[in-house]
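Notes for the one structure printed next.
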Amino acid sequence: MEMIRELWAFLRTRKKYWLWPVFLMMLLLGALIVLAQGSAIAPFIYTLF
């Protein structure tokens, strides 16, 4: 949680709000890969990349 607080403080003070969609997409793609690793849909997700 400390890293998220520091990231938020950095983005707020430097006015880098445009970076939030980049972080959000990275988080969603990472979660998709981790959650689909052991499931039956894993071969279909890996074909996307």
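We label chains A, B, ... in the order they appear in the structure tokens, count residues from 1 in each chain, and number ligands from 1 in the order shown.
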
Within 12 Å of stretch 2-9 of chain A using only C-alpha atoms, minus same-chain residues under 5 positions, as a PDB file with N, CA and C atoms, in the first residue's frame:
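Saved to around_27.pdb:
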```
ATOM      1  N   ARG A  14       3.154  16.023  -9.722  1.00  0.00           N
ATOM      2  CA  ARG A  14       3.742  16.275 -11.039  1.00  0.00           C
ATOM      3  C   ARG A  14       2.689  16.463 -12.134  1.00  0.00           C
ATOM      4  N   LYS A  15       1.406  16.354 -11.773  1.00  0.00           N
ATOM      5  CA  LYS A  15       0.285  16.509 -12.718  1.00  0.00           C
ATOM      6  C   LYS A  15       0.382  15.518 -13.883  1.00  0.00           C
ATOM      7  N   LYS A  16       0.657  14.264 -13.561  1.00  0.00           N
ATOM      8  CA  LYS A  16       0.799  13.213 -14.570  1.00  0.00           C
ATOM      9  C   LYS A  16      -0.437  12.306 -14.576  1.00  0.00           C
ATOM     10  N   TYR A  17      -1.614  12.897 -14.629  1.00  0.00           N
ATOM     11  CA  TYR A  17      -2.850  12.123 -14.592  1.00  0.00           C
ATOM     12  C   TYR A  17      -3.033  11.242 -15.827  1.00  0.00           C
ATOM     13  N   LEU A  19      -1.047   9.185 -16.964  1.00  0.00           N
ATOM     14  CA  LEU A  19      -0.407   7.889 -16.777  1.00  0.00           C
ATOM     15  C   LEU A  19      -1.332   6.858 -16.137  1.00  0.00           C
ATOM     16  N   TRP A  20      -2.411   7.295 -15.506  1.00  0.00           N
ATOM     17  CA  TRP A  20      -3.301   6.347 -14.841  1.00  0.00           C
ATOM     18  C   TRP A  20      -3.883   5.298 -15.778  1.00  0.00           C
ATOM     19  N   PHE A  23      -1.233   2.558 -16.217  1.00  0.00           N
ATOM     20  CA  PHE A  23      -1.109   1.683 -15.053  1.00  0.00           C
ATOM     21  C   PHE A  23      -2.311   0.758 -14.918  1.00  0.00           C
TER      22      PHE A  23
END
```

Query raised in the report: as a PyMOL selection string, which residues of chain A does DSSP assign to alpha helix (DSSP H)?
Result: chain A and resi 2-14+20-36+42-46

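As for atom CA of A:Ala36 and atom CA of A:Val22, they are spaced 21.2 Å apart.
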